[in-house]
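**Q** If it helps, the file is called query-v3.txt and holds compact mmCIF, C-alpha atoms and all ligand atoms:
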# COMPACT_ATOMS: atom_id res chain seq x y z
CA MET D 138 -3.73 -30.58 19.01
CA LYS D 139 -2.94 -28.34 21.98
CA ARG D 140 -5.43 -25.83 23.39
CA VAL D 141 -6.11 -23.09 20.80
CA ASP D 142 -7.17 -19.54 21.75
CA TYR D 143 -7.22 -18.19 18.20
CA ASP D 144 -7.23 -19.51 14.69
CA TYR D 145 -4.78 -16.82 13.59
CA LEU D 146 -2.36 -14.40 15.22
CA ILE D 147 -1.68 -11.57 12.79
CA ILE D 148 1.51 -9.66 13.46
CA GLY D 149 1.44 -6.04 12.23
CA GLN D 150 -1.47 -3.74 11.49
CA GLY D 151 -0.54 -1.80 8.39
CA ILE D 152 -2.80 -2.23 5.37
CA ALA D 153 -1.53 -5.82 4.94
CA GLY D 154 -2.48 -6.93 8.47
CA THR D 155 -5.70 -4.90 8.41
CA ALA D 156 -6.96 -6.34 5.11
CA LEU D 157 -6.00 -9.86 6.15
CA ALA D 158 -7.70 -9.52 9.56
CA TRP D 159 -10.95 -8.30 7.97
CA HIS D 160 -11.00 -11.15 5.46
CA LEU D 161 -10.37 -13.74 8.18
CA ILE D 162 -13.07 -12.22 10.36
CA GLU D 163 -15.47 -12.34 7.43
CA ALA D 164 -14.54 -16.02 7.07
CA HIS D 165 -15.60 -16.50 10.74
CA GLN D 166 -12.06 -17.16 12.01
CA ARG D 167 -10.89 -16.20 15.52
CA VAL D 168 -8.27 -13.55 15.03
CA LEU D 169 -5.88 -11.58 17.24
CA VAL D 170 -3.96 -8.69 15.68
CA VAL D 171 -0.69 -8.00 17.50
CA ASN D 172 0.82 -4.63 16.62
CA ASP D 173 3.41 -2.31 18.08
CA SER D 174 2.12 1.13 17.16
CA SER D 175 5.31 2.81 18.40
CA ARG D 176 7.00 1.39 15.27
CA PRO D 177 6.72 3.22 11.98
CA SER D 178 4.29 2.01 9.31
CA ALA D 179 4.48 2.68 5.56
CA SER D 180 0.70 2.63 5.41
CA LEU D 181 0.55 5.69 7.68
CA VAL D 182 2.89 7.62 5.36
CA ALA D 183 1.47 6.50 1.99
CA ALA D 184 -0.54 8.80 -0.23
CA GLY D 185 -2.96 5.94 -0.79
CA ILE D 186 -3.28 6.44 -4.56
CA TYR D 187 -4.59 3.73 -6.84
CA ASN D 188 -3.74 4.27 -10.48
CA PRO D 189 -4.36 1.76 -13.29
CA LEU D 190 -1.88 3.35 -15.75
CA THR D 191 1.59 4.21 -14.51
CA GLY D 192 4.94 5.52 -15.70
CA ARG D 193 5.95 7.45 -18.76
CA LYS D 194 4.60 4.73 -21.01
CA LEU D 195 1.16 4.49 -19.40
CA VAL D 196 1.72 0.85 -18.52
CA LYS D 197 -1.33 -0.96 -17.24
CA THR D 198 -0.79 -2.06 -13.63
CA TRP D 199 -0.34 -5.81 -13.08
CA LEU D 200 -3.80 -7.47 -12.72
CA ALA D 201 -5.50 -4.03 -12.76
CA ASP D 202 -8.79 -5.38 -14.13
CA GLU D 203 -9.10 -7.77 -11.17
CA LEU D 204 -7.34 -5.82 -8.39
CA PHE D 205 -9.04 -2.47 -8.73
CA PRO D 206 -12.73 -3.45 -8.68
CA TYR D 207 -12.06 -5.84 -5.79
CA ALA D 208 -10.18 -3.20 -3.78
CA ILE D 209 -12.89 -0.56 -4.23
CA GLN D 210 -15.58 -3.03 -3.26
CA PHE D 211 -13.60 -4.04 -0.13
CA TYR D 212 -13.06 -0.41 0.99
CA GLN D 213 -16.72 0.41 0.38
CA ARG D 214 -17.72 -2.64 2.41
CA LEU D 215 -15.62 -1.29 5.30
CA GLU D 216 -17.08 2.20 4.85
CA GLU D 217 -20.50 0.71 5.42
CA LYS D 218 -19.42 -1.48 8.33
CA LEU D 219 -17.56 1.29 10.16
CA ALA D 220 -19.81 4.17 8.99
CA ARG D 221 -16.79 6.20 7.80
CA LYS D 222 -15.52 7.39 4.45
CA PHE D 223 -12.22 5.91 3.22
CA VAL D 224 -12.21 5.82 -0.58
CA TYR D 225 -12.08 8.91 -2.80
CA PRO D 226 -12.45 8.06 -6.50
CA GLN D 227 -10.72 10.77 -8.51
CA ASN D 228 -9.39 11.02 -12.05
CA ILE D 229 -5.66 11.56 -12.52
CA TYR D 230 -4.77 14.51 -14.71
CA ARG D 231 -1.45 14.07 -16.55
CA PRO D 232 -0.24 17.24 -18.28
CA TYR D 233 1.94 16.51 -21.32
CA ARG D 234 5.55 17.63 -20.86
CA SER D 235 6.07 18.29 -24.58
CA GLN D 236 4.49 17.93 -27.98
CA GLU D 237 6.44 14.70 -28.37
CA GLU D 238 5.07 13.28 -25.13
CA ARG D 239 1.57 14.26 -26.23
CA ASP D 240 2.00 12.36 -29.52
CA ASN D 241 3.38 9.32 -27.68
CA TYR D 242 0.52 9.28 -25.20
CA LEU D 243 -2.05 9.58 -27.97
CA SER D 244 -0.53 6.54 -29.67
CA PHE D 245 -0.46 4.55 -26.37
CA ILE D 246 -4.11 5.27 -25.70
CA SER D 247 -5.22 3.97 -29.08
CA GLU D 248 -4.77 0.48 -27.53
CA PRO D 249 -8.21 -0.72 -26.31
CA GLU D 250 -6.73 -2.12 -23.04
CA ILE D 251 -5.39 1.35 -22.25
CA SER D 252 -8.15 3.49 -23.74
CA LYS D 253 -10.75 2.00 -21.40
CA TYR D 254 -8.94 3.81 -18.57
CA ILE D 255 -8.82 7.18 -20.36
CA ALA D 256 -11.51 9.72 -19.45
CA ASN D 257 -10.34 12.54 -21.62
CA SER D 258 -7.37 13.68 -23.69
CA SER D 259 -7.05 17.25 -24.71
CA GLU D 260 -4.68 19.79 -26.19
CA SER D 261 -6.03 22.55 -24.03
CA GLN D 262 -5.77 23.11 -20.29
CA ILE D 263 -8.37 21.02 -18.43
CA ASP D 264 -9.99 22.68 -15.42
CA VAL D 265 -7.06 22.47 -13.02
CA ILE D 266 -6.22 25.95 -11.83
CA GLY D 267 -2.57 26.60 -11.18
CA VAL D 268 -1.02 23.75 -13.21
CA HIS D 269 1.51 24.45 -15.91
CA ALA D 270 0.16 22.54 -18.95
CA PRO D 271 0.99 24.35 -22.23
CA TYR D 272 0.56 21.14 -24.26
CA GLY D 273 -2.70 20.02 -22.64
CA GLY D 274 -2.97 16.67 -20.92
CA LEU D 275 -4.96 13.52 -20.47
CA GLU D 276 -7.14 12.17 -17.71
CA VAL D 277 -6.98 8.63 -16.39
CA LYS D 278 -10.14 7.18 -14.85
CA GLY D 279 -10.69 4.23 -12.51
CA SER D 280 -8.21 5.92 -10.15
CA GLY D 281 -8.39 7.71 -6.80
CA TRP D 282 -7.03 7.48 -3.28
CA VAL D 283 -7.79 5.75 -0.01
CA ASP D 284 -7.45 7.28 3.44
CA LEU D 285 -5.27 4.48 4.82
CA SER D 286 -4.62 6.20 8.16
CA GLY D 287 -8.35 6.53 8.83
CA LEU D 288 -9.01 3.00 7.70
CA ILE D 289 -6.32 1.60 10.00
CA LYS D 290 -7.40 3.77 12.95
CA PHE D 291 -11.11 2.90 12.75
CA SER D 292 -10.40 -0.78 12.00
CA ARG D 293 -8.22 -0.85 15.12
CA GLU D 294 -11.02 0.65 17.21
CA TYR D 295 -13.31 -2.11 15.93
CA PHE D 296 -10.72 -4.83 16.64
CA ILE D 297 -10.20 -3.47 20.17
CA GLU D 298 -13.94 -3.41 20.88
CA ASN D 299 -14.16 -7.03 19.73
CA ASN D 300 -11.12 -8.27 21.68
CA GLN D 301 -9.22 -8.83 18.43
CA TYR D 302 -6.29 -6.47 19.05
CA LEU D 303 -3.25 -6.59 21.30
CA GLU D 304 -0.87 -3.64 21.52
CA SER D 305 2.50 -5.36 21.84
CA GLU D 306 5.86 -5.83 20.26
CA PHE D 307 6.36 -9.24 18.66
CA ASP D 308 9.76 -10.91 18.99
CA ALA D 309 10.11 -14.09 16.91
CA ASN D 310 12.40 -15.50 19.63
CA ASP D 311 9.33 -15.78 21.89
CA LEU D 312 7.49 -17.87 19.31
CA GLU D 313 7.18 -21.61 19.82
CA VAL D 314 6.35 -23.34 16.57
CA ASN D 315 4.78 -26.78 16.77
CA ASP D 316 3.63 -29.10 13.99
CA ASN D 317 0.14 -27.69 13.65
CA SER D 318 0.02 -24.73 16.01
CA ILE D 319 2.07 -21.99 17.57
CA SER D 320 2.32 -20.45 21.01
CA TRP D 321 3.48 -16.98 21.84
CA LYS D 322 3.58 -15.45 25.32
CA GLY D 323 1.05 -17.99 26.64
CA LEU D 324 -1.34 -17.59 23.71
CA PHE D 325 -2.05 -20.55 21.43
CA ALA D 326 -3.12 -20.32 17.79
CA ARG D 327 -3.38 -22.55 14.77
CA LYS D 328 -1.19 -20.20 12.74
CA VAL D 329 0.76 -16.97 12.97
CA LEU D 330 0.72 -14.68 9.92
CA LEU D 331 3.49 -12.09 9.73
CA CYS D 332 2.45 -8.74 8.21
CA GLN D 333 5.37 -6.65 9.42
CA GLY D 334 6.13 -4.64 6.28
CA PHE D 335 9.78 -3.53 6.15
CA ASP D 336 10.47 -5.02 9.61
CA ALA D 337 9.98 -8.56 8.26
CA ARG D 338 13.67 -8.48 7.44
CA GLU D 339 14.57 -8.63 11.13
CA ASN D 340 12.55 -11.83 11.52
CA SER D 341 14.74 -14.93 11.10
CA LEU D 342 11.80 -17.01 9.82
CA PHE D 343 11.68 -15.08 6.57
CA ASP D 344 14.98 -13.20 6.30
CA TRP D 345 15.93 -15.38 3.30
CA LEU D 346 13.27 -13.81 1.05
CA PRO D 347 14.64 -11.29 -1.51
CA PHE D 348 13.24 -8.10 -0.03
CA ASN D 349 14.14 -4.95 -1.92
CA PRO D 350 12.77 -2.06 0.19
CA VAL D 351 12.29 1.38 -1.29
CA LYS D 352 12.36 4.50 0.86
CA GLY D 353 9.86 7.23 -0.05
CA GLN D 354 9.11 10.78 1.10
CA ILE D 355 6.16 13.10 0.66
CA LEU D 356 5.45 16.75 1.50
CA ASP D 357 2.33 18.34 2.96
CA VAL D 358 1.83 21.72 1.27
CA THR D 359 -0.59 24.62 0.83
CA PHE D 360 -0.86 26.61 -2.42
CA SER D 361 -1.54 30.26 -3.12
CA ASP D 362 -3.29 29.61 -6.42
CA TYR D 363 -4.20 26.01 -7.06
CA SER D 364 -7.47 24.19 -7.14
CA ALA D 365 -8.12 20.69 -8.39
CA ASP D 366 -10.78 18.08 -7.93
CA LYS D 367 -8.36 15.56 -9.46
CA ILE D 368 -5.00 14.08 -8.66
CA VAL D 369 -2.32 15.73 -10.79
CA ASN D 370 0.59 13.54 -11.90
CA GLN D 371 3.70 14.40 -13.82
CA GLY D 372 6.77 12.70 -12.37
CA ILE D 373 5.33 13.59 -8.97
CA PHE D 374 1.70 13.63 -7.86
CA ILE D 375 -0.33 16.33 -6.12
CA LEU D 376 -3.42 15.15 -4.30
CA PRO D 377 -5.83 16.65 -1.83
CA SER D 378 -5.60 15.68 1.82
CA LEU D 379 -8.32 15.57 4.44
CA ARG D 380 -6.95 18.78 5.98
CA ASP D 381 -8.56 21.96 4.61
CA ASN D 382 -6.57 23.53 1.74
CA GLU D 383 -3.68 21.11 2.31
CA TYR D 384 -2.30 18.86 -0.42
CA ARG D 385 0.23 16.04 -0.50
CA VAL D 386 3.12 16.04 -2.93
CA GLY D 387 5.19 12.93 -3.59
CA ALA D 388 6.95 10.75 -3.87
CA THR D 389 10.66 9.98 -3.88
CA TYR D 390 12.15 6.53 -4.50
CA SER D 391 15.44 5.52 -2.94
CA TRP D 392 17.04 2.10 -2.50
CA HIS D 393 19.69 3.23 -0.01
CA ASP D 394 19.67 4.91 3.44
CA LEU D 395 16.72 2.74 4.38
CA ASP D 396 15.48 4.56 7.45
CA TRP D 397 12.35 6.51 8.32
CA GLU D 398 14.03 9.95 8.50
CA THR D 399 13.06 12.83 6.23
CA THR D 400 15.98 14.41 4.33
CA GLU D 401 16.82 17.76 2.75
CA ASP D 402 17.62 15.91 -0.51
CA GLY D 403 14.17 14.39 -0.61
CA LYS D 404 12.58 17.77 -0.01
CA ALA D 405 14.71 19.46 -2.70
CA TYR D 406 13.84 16.76 -5.26
CA LEU D 407 10.11 17.19 -4.70
CA GLU D 408 10.31 20.98 -4.65
CA ASN D 409 12.21 21.08 -7.97
CA LYS D 410 9.53 18.99 -9.65
CA LEU D 411 6.74 20.94 -8.00
CA ARG D 412 8.05 24.31 -9.22
CA LEU D 413 7.95 23.03 -12.81
CA LEU D 414 4.42 21.74 -12.43
CA ILE D 415 2.56 24.61 -10.77
CA THR D 416 2.25 28.25 -11.72
CA GLY D 417 1.80 29.83 -8.24
CA ASN D 418 3.48 29.68 -4.84
CA TYR D 419 3.41 27.00 -2.19
CA GLU D 420 4.27 26.61 1.46
CA ILE D 421 5.59 23.40 3.01
CA LYS D 422 3.70 22.37 6.13
CA GLY D 423 5.24 18.97 6.75
CA GLN D 424 7.37 16.16 5.42
CA ARG D 425 7.12 12.41 5.98
CA ALA D 426 9.24 9.38 5.12
CA GLY D 427 8.54 5.66 4.99
CA VAL D 428 9.93 2.42 3.61
CA ARG D 429 7.92 0.44 1.06
CA PRO D 430 8.19 -3.33 1.61
CA SER D 431 9.08 -4.35 -1.95
CA CYS D 432 10.41 -7.59 -3.36
CA LYS D 433 13.09 -7.92 -6.07
CA ASP D 434 10.55 -9.09 -8.69
CA ARG D 435 7.98 -6.47 -7.56
CA ARG D 436 5.39 -9.08 -6.69
CA PRO D 437 3.82 -9.77 -3.29
CA LEU D 438 5.39 -12.25 -0.86
CA ILE D 439 2.57 -14.43 0.39
CA GLY D 440 2.32 -17.95 1.67
CA ILE D 441 3.26 -20.57 4.21
CA HIS D 442 6.81 -21.16 5.46
CA PRO D 443 8.59 -24.03 3.63
CA GLU D 444 9.24 -25.91 6.90
CA HIS D 445 6.65 -24.64 9.40
CA VAL D 446 3.04 -25.05 8.26
CA ALA D 447 1.83 -22.95 11.19
CA VAL D 448 3.72 -19.84 10.04
CA GLY D 449 2.76 -17.60 7.11
CA ILE D 450 3.70 -14.25 5.65
CA PHE D 451 1.76 -11.47 3.89
CA ASN D 452 4.26 -8.93 2.62
CA GLY D 453 5.93 -7.46 -0.46
CA LEU D 454 3.14 -4.98 -1.24
CA GLY D 455 5.76 -2.51 -2.43
CA THR D 456 4.43 0.66 -4.06
CA LYS D 457 0.87 -0.65 -4.42
CA GLY D 458 -0.43 -1.67 -1.00
CA VAL D 459 -3.82 -0.04 -1.61
CA THR D 460 -4.82 -2.34 -4.44
CA LEU D 461 -2.74 -5.44 -3.69
CA ALA D 462 -3.72 -5.85 -0.02
CA PRO D 463 -7.48 -6.50 -0.40
CA TYR D 464 -7.26 -8.78 -3.43
CA PHE D 465 -4.40 -10.88 -2.06
CA ALA D 466 -5.89 -10.99 1.44
CA ASP D 467 -8.89 -12.61 -0.20
CA GLU D 468 -6.61 -15.04 -2.09
CA PHE D 469 -4.63 -15.89 1.04
CA VAL D 470 -7.77 -16.53 3.08
CA ASN D 471 -9.16 -18.75 0.32
CA HIS D 472 -5.87 -20.63 0.44
CA LEU D 473 -5.86 -20.91 4.24
CA CYS D 474 -9.51 -21.74 4.78
CA ARG D 475 -10.56 -23.34 1.49
CA ASP D 476 -7.31 -24.83 0.24
CA LYS D 477 -7.38 -22.81 -3.01
CA GLU D 478 -4.10 -22.31 -4.88
CA LEU D 479 -2.26 -19.03 -4.42
CA ASN D 480 -1.28 -17.06 -7.51
CA PRO D 481 2.20 -18.50 -8.28
CA GLU D 482 3.53 -15.00 -9.02
CA ALA D 483 2.71 -13.96 -5.45
CA ASN D 484 3.35 -17.25 -3.64
CA ILE D 485 6.65 -17.32 -1.71
CA ALA D 486 7.05 -20.90 -3.01
CA ARG D 487 8.74 -19.27 -6.02
CA TYR D 488 11.69 -18.56 -3.70
CA PHE D 489 11.88 -21.82 -1.74
CA SER D 490 15.20 -22.60 -3.46
CA LEU D 491 16.67 -19.71 -1.40
CA TYR D 492 15.67 -21.33 1.89
CA ASP D 493 18.66 -23.07 3.40
CA HIS D 494 18.27 -23.51 7.16
C1 LIG I 501 6.12 7.83 0.64
C2 LIG I 501 5.25 6.62 0.32
C3 LIG I 501 4.18 6.79 -0.52
C4 LIG I 501 3.38 5.69 -0.86
N1 LIG I 501 2.30 5.90 -1.65
C5 LIG I 501 1.50 4.86 -1.97
C6 LIG I 501 0.35 5.06 -2.78
O1 LIG I 501 0.05 6.18 -3.18
N2 LIG I 501 -0.41 3.97 -3.10
C7 LIG I 501 -0.11 2.71 -2.66
O2 LIG I 501 -0.83 1.76 -2.97
N3 LIG I 501 0.97 2.49 -1.86
C8 LIG I 501 1.78 3.53 -1.53
N4 LIG I 501 2.88 3.32 -0.75
C9 LIG I 501 3.22 1.93 -0.38
C10 LIG I 501 2.41 1.46 0.83
O3 LIG I 501 2.69 2.32 1.89
C11 LIG I 501 2.80 0.02 1.18
O4 LIG I 501 2.58 -0.84 0.07
C12 LIG I 501 1.97 -0.52 2.36
O5 LIG I 501 1.76 0.47 3.30
C13 LIG I 501 2.64 -1.70 3.01
O6 LIG I 501 1.82 -2.10 4.07
P1 LIG I 501 2.27 -3.17 5.14
O7 LIG I 501 1.09 -3.41 6.01
O8 LIG I 501 2.90 -4.33 4.47
O9 LIG I 501 3.45 -2.47 5.97
P2 LIG I 501 3.36 -1.32 7.08
O10 LIG I 501 2.33 -0.32 6.76
O11 LIG I 501 4.74 -0.80 7.28
O12 LIG I 501 2.86 -2.06 8.37
C14 LIG I 501 3.69 -2.91 9.15
C15 LIG I 501 3.09 -2.96 10.54
O13 LIG I 501 3.75 -3.97 11.28
C16 LIG I 501 4.03 -3.50 12.58
N5 LIG I 501 5.18 -4.25 13.08
C17 LIG I 501 6.36 -4.47 12.44
N6 LIG I 501 7.19 -5.21 13.19
C18 LIG I 501 6.52 -5.47 14.34
C19 LIG I 501 6.85 -6.20 15.52
N7 LIG I 501 8.03 -6.82 15.67
N8 LIG I 501 5.94 -6.25 16.50
C20 LIG I 501 4.73 -5.65 16.37
N9 LIG I 501 4.35 -4.94 15.27
C21 LIG I 501 5.24 -4.86 14.27
C22 LIG I 501 4.32 -2.01 12.40
O14 LIG I 501 4.06 -1.33 13.61
C23 LIG I 501 3.30 -1.65 11.31
O15 LIG I 501 2.08 -1.27 11.89
C24 LIG I 501 3.68 4.40 -0.35
C25 LIG I 501 4.75 4.26 0.53
C26 LIG I 501 5.53 5.34 0.86
C27 LIG I 501 6.67 5.16 1.80
How does this structure look as structure tokens?

**A**
Amino acid sequence: MKRVDYDYLIIGQGIAGTALAWHLIEAHQRVLVVNDSSRPSASLVAAGIYNPLTGRKLVKTWLADELFPYAIQFYQRLEEKLARKFVYPQNIYRPYRSQEERDNYLSFISEPEISKYIANSSESQIDVIGVHAPYGGLEVKGSGWVDLSGLIKFSREYFIENNQYLESEFDANDLEVNDNSISWKGLFARKVLLCQGFDARENSLFDWLPFNPVKGQILDVTFSDYSADKIVNQGIFILPSLRDNEYRVGATYSWHDLDWETTEDGKAYLENKLRLLITGNYEIKGQRAGVRPSCKDRRPLIGIHPEHVAVGIFNGLGTKGVTLAPYFADEFVNHLCRDKELNPEANIARYFSLYDH
């Protein structure tokens, strides 16, 4: 084998690249994270919520029993290592929209697999000041949010201090792929792992994967009469931010106009929902947009290229980067370093029939 400077080059430092880098470092691998911070990142826009029961039918999130405990443990491990706070466990309060919805929810939560995530269900207003909830609501537990921006910022500082970070654009045309190694701009590594989020589509090595990106927008707001120590969720969510008295309201979902620009339509959609949910006034302080790197079947896109064993991808985290990234970073590292099988539902091998180069 040629000279090797690193075991792994990781391209992109959103939550995917960050979680993967930490797991490889913990596995004593030599890592260099290459990231162009002038590009947008979904992780820096995301609300960071983790929520075991989603949608109108309170559907249990895929692999919730495994993903959630692992993710919390991973973020707490980083809190200790970096001496910062990143994870904020918080129940999710879901006001019922109608008597009918209340009856439906009460029947859903009679299922033991669902009821273990229910903290409380009530016909009366729970202690959330300023929320319109004439039919009462229920509270989901095992939920909360992660400060992804802080986690990425302080991880980057650590990587820089340890010579594990390079601020640079990555162009796949500069990549030389050999049988068991790669070289890029004079650096040699055993493998390159692409964690580029939405931008993976511009990379010819993986442009055959069935990406299905989803644009999303959120608002930063202040309220005249609202106070909650929980996340509130009814079609949209309201959650506290780290800025005093400021909350985040989101999110929109759009499969077209896939850019990073905020729109008046997005703002109007969120405001309409917000007005129905709260009783007082609000003021908009900011608006942000991002593109979620989703796959058609809503499962992660992880694994080694069908032709080039030195090239891998860690993508497709979609709407759930917070909980998918740590668990699947662990799986991927076990695959890379210990030859363990990847979950077939996440392994890109499920799409190899689409590869035709
Ligand atoms: C409005 C909104 C709300 C969301 N809310 C939540 C939520 O509450 N909970 C949740 O779990 N998820 C949420 N998500 C989804 C979450 O943001 C994504 O799942 C996650 O951020 C994807 O992370 P990633 O690392 O794959 O991509 P990104 O965060 O986009 O990171 C990609 C990185 O790669 C770098 N990069 C790309 N191309 C290159 C290149 N050529 N050279 C160098 N660097 C490059 C970029 O600079 C970037 O840093 C939300 C998303 C949006 C848009």

**Q** Taking all atoms listed in the file and a cut-off of 7 Å, can you tell me which residues surround ligand LIG 501 (chain I), written as a PyMOL selection string?

**A** chain D and resi 148-154+171-187+305-308+332-337+352-355+387-389+426-430+452-460

**Q** Keeping only C-alpha atoms, write the selected residues as an mmCIF file, in the frame of the given file.

**A**
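Writing the result to selection21.cif gives the following:
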data_model
loop_
_atom_site.group_PDB
_atom_site.id
_atom_site.type_symbol
_atom_site.label_atom_id
_atom_site.label_comp_id
_atom_site.auth_asym_id
_atom_site.auth_seq_id
_atom_site.Cartn_x
_atom_site.Cartn_y
_atom_site.Cartn_z
ATOM 1 C CA ILE D 148 1.510 -9.660 13.460
ATOM 2 C CA GLY D 149 1.440 -6.040 12.230
ATOM 3 C CA GLN D 150 -1.470 -3.740 11.490
ATOM 4 C CA GLY D 151 -0.540 -1.800 8.390
ATOM 5 C CA ILE D 152 -2.800 -2.230 5.370
ATOM 6 C CA ALA D 153 -1.530 -5.820 4.940
ATOM 7 C CA GLY D 154 -2.480 -6.930 8.470
ATOM 8 C CA VAL D 171 -0.690 -8.000 17.500
ATOM 9 C CA ASN D 172 0.820 -4.630 16.620
ATOM 10 C CA ASP D 173 3.410 -2.310 18.080
ATOM 11 C CA SER D 174 2.120 1.130 17.160
ATOM 12 C CA SER D 175 5.310 2.810 18.400
ATOM 13 C CA ARG D 176 7.000 1.390 15.270
ATOM 14 C CA PRO D 177 6.720 3.220 11.980
ATOM 15 C CA SER D 178 4.290 2.010 9.310
ATOM 16 C CA ALA D 179 4.480 2.680 5.560
ATOM 17 C CA SER D 180 0.700 2.630 5.410
ATOM 18 C CA LEU D 181 0.550 5.690 7.680
ATOM 19 C CA VAL D 182 2.890 7.620 5.360
ATOM 20 C CA ALA D 183 1.470 6.500 1.990
ATOM 21 C CA ALA D 184 -0.540 8.800 -0.230
ATOM 22 C CA GLY D 185 -2.960 5.940 -0.790
ATOM 23 C CA ILE D 186 -3.280 6.440 -4.560
ATOM 24 C CA TYR D 187 -4.590 3.730 -6.840
ATOM 25 C CA SER D 305 2.500 -5.360 21.840
ATOM 26 C CA GLU D 306 5.860 -5.830 20.260
ATOM 27 C CA PHE D 307 6.360 -9.240 18.660
ATOM 28 C CA ASP D 308 9.760 -10.910 18.990
ATOM 29 C CA CYS D 332 2.450 -8.740 8.210
ATOM 30 C CA GLN D 333 5.370 -6.650 9.420
ATOM 31 C CA GLY D 334 6.130 -4.640 6.280
ATOM 32 C CA PHE D 335 9.780 -3.530 6.150
ATOM 33 C CA ASP D 336 10.470 -5.020 9.610
ATOM 34 C CA ALA D 337 9.980 -8.560 8.260
ATOM 35 C CA LYS D 352 12.360 4.500 0.860
ATOM 36 C CA GLY D 353 9.860 7.230 -0.050
ATOM 37 C CA GLN D 354 9.110 10.780 1.100
ATOM 38 C CA ILE D 355 6.160 13.100 0.660
ATOM 39 C CA GLY D 387 5.190 12.930 -3.590
ATOM 40 C CA ALA D 388 6.950 10.750 -3.870
ATOM 41 C CA THR D 389 10.660 9.980 -3.880
ATOM 42 C CA ALA D 426 9.240 9.380 5.120
ATOM 43 C CA GLY D 427 8.540 5.660 4.990
ATOM 44 C CA VAL D 428 9.930 2.420 3.610
ATOM 45 C CA ARG D 429 7.920 0.440 1.060
ATOM 46 C CA PRO D 430 8.190 -3.330 1.610
ATOM 47 C CA ASN D 452 4.260 -8.930 2.620
ATOM 48 C CA GLY D 453 5.930 -7.460 -0.460
ATOM 49 C CA LEU D 454 3.140 -4.980 -1.240
ATOM 50 C CA GLY D 455 5.760 -2.510 -2.430
ATOM 51 C CA THR D 456 4.430 0.660 -4.060
ATOM 52 C CA LYS D 457 0.870 -0.650 -4.420
ATOM 53 C CA GLY D 458 -0.430 -1.670 -1.000
ATOM 54 C CA VAL D 459 -3.820 -0.040 -1.610
ATOM 55 C CA THR D 460 -4.820 -2.340 -4.440
#

**Q** Determine, counting only C-alpha atoms, every residue of protein, DNA or RNA that lies within 12 Å of (-0.4, 3.5, -13.5) in the file coordinates, then give the result as a VMD selection string.

**A** chain D and resid 186 to 201 205 228 to 231 251 254 to 255 276 to 281 370 to 372 374 456 to 457 460

**Q** Calculated over all atoms listed in the file, which of the candidates D:Pro437, D:Pro249, D:Pro463, D:Gly403 has the smallest distance to Pro481 (chain D)?

**A**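 Counting all atoms listed in the file, the residue closest to Pro481 (chain D) is D:Pro437.
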
**Q** Between D:Leu146, D:Leu303, D:Val470, D:Ala208, which has the minimum distance to His165 (chain D) (counting all atoms listed in the file)?

**A**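 Closest to His165 (chain D), using all atoms listed in the file: D:Val470.
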
**Q** Hey, which of D:Ile485, D:Leu219, D:Leu288, D:Leu379 ends up closest to Cys432 (chain D)? Count only C-alpha atoms.

**A** D:Ile485

**Q** Give me, please, the distance in Å between CA of Leu324 (chain D) and CA of Tyr143 (chain D), quoted to one decimal.

**A**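 Separating CA of Leu324 (chain D) from CA of Tyr143 (chain D) is a distance of 8.1 Å.
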
**Q** Pick from D:Leu204, D:Leu215, D:Ala256, D:Ala326: nearest to Arg167 (chain D), with all atoms listed in the file counted?

**A**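 Nearest to Arg167 (chain D): D:Ala326.
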
**Q** Of the candidates D:Ile147, D:Ala220, D:Ile415, D:Ala309, which one gets nearest to Gly267 (chain D) if we count all atoms listed in the file?

**A** D:Ile415

**Q** Return as lines of an AutoDock Vina configuration file the box centre and box size in Å, one decimal, for an axis-aligned box around all listed atoms of region 242-254 of chain D padded by 3 Å per side.

**A**
center_x = -5.1
center_y = 3.7
center_z = -24.1
size_x = 17.3
size_y = 17.7
size_z = 17.1

**Q** Would you fill out region 368-375 of chain D with N, CA and C atoms and return it as a CSV table (one decimal), keeping the file's coordinate frame?

**A**
chain,number,residue,atom,x,y,z
D,368,ILE,N,-6.4,14.2,-9.0
D,368,ILE,CA,-5.0,14.1,-8.7
D,368,ILE,C,-4.2,14.6,-9.9
D,369,VAL,N,-3.2,15.3,-9.7
D,369,VAL,CA,-2.3,15.7,-10.8
D,369,VAL,C,-1.0,14.9,-10.7
D,370,ASN,N,-0.6,14.4,-11.9
D,370,ASN,CA,0.6,13.5,-11.9
D,370,ASN,C,1.5,13.8,-13.1
D,371,GLN,N,2.7,14.3,-12.8
D,371,GLN,CA,3.7,14.4,-13.8
D,371,GLN,C,5.1,14.2,-13.1
D,372,GLY,N,5.5,13.0,-13.1
D,372,GLY,CA,6.8,12.7,-12.4
D,372,GLY,C,6.5,12.6,-10.9
D,373,ILE,N,5.8,13.6,-10.4
D,373,ILE,CA,5.3,13.6,-9.0
D,373,ILE,C,3.8,13.7,-9.0
D,374,PHE,N,3.2,13.4,-7.9
D,374,PHE,CA,1.7,13.6,-7.9
D,374,PHE,C,1.4,14.7,-6.9
D,375,ILE,N,0.2,15.4,-7.1
D,375,ILE,CA,-0.3,16.3,-6.1
D,375,ILE,C,-1.7,15.8,-5.8
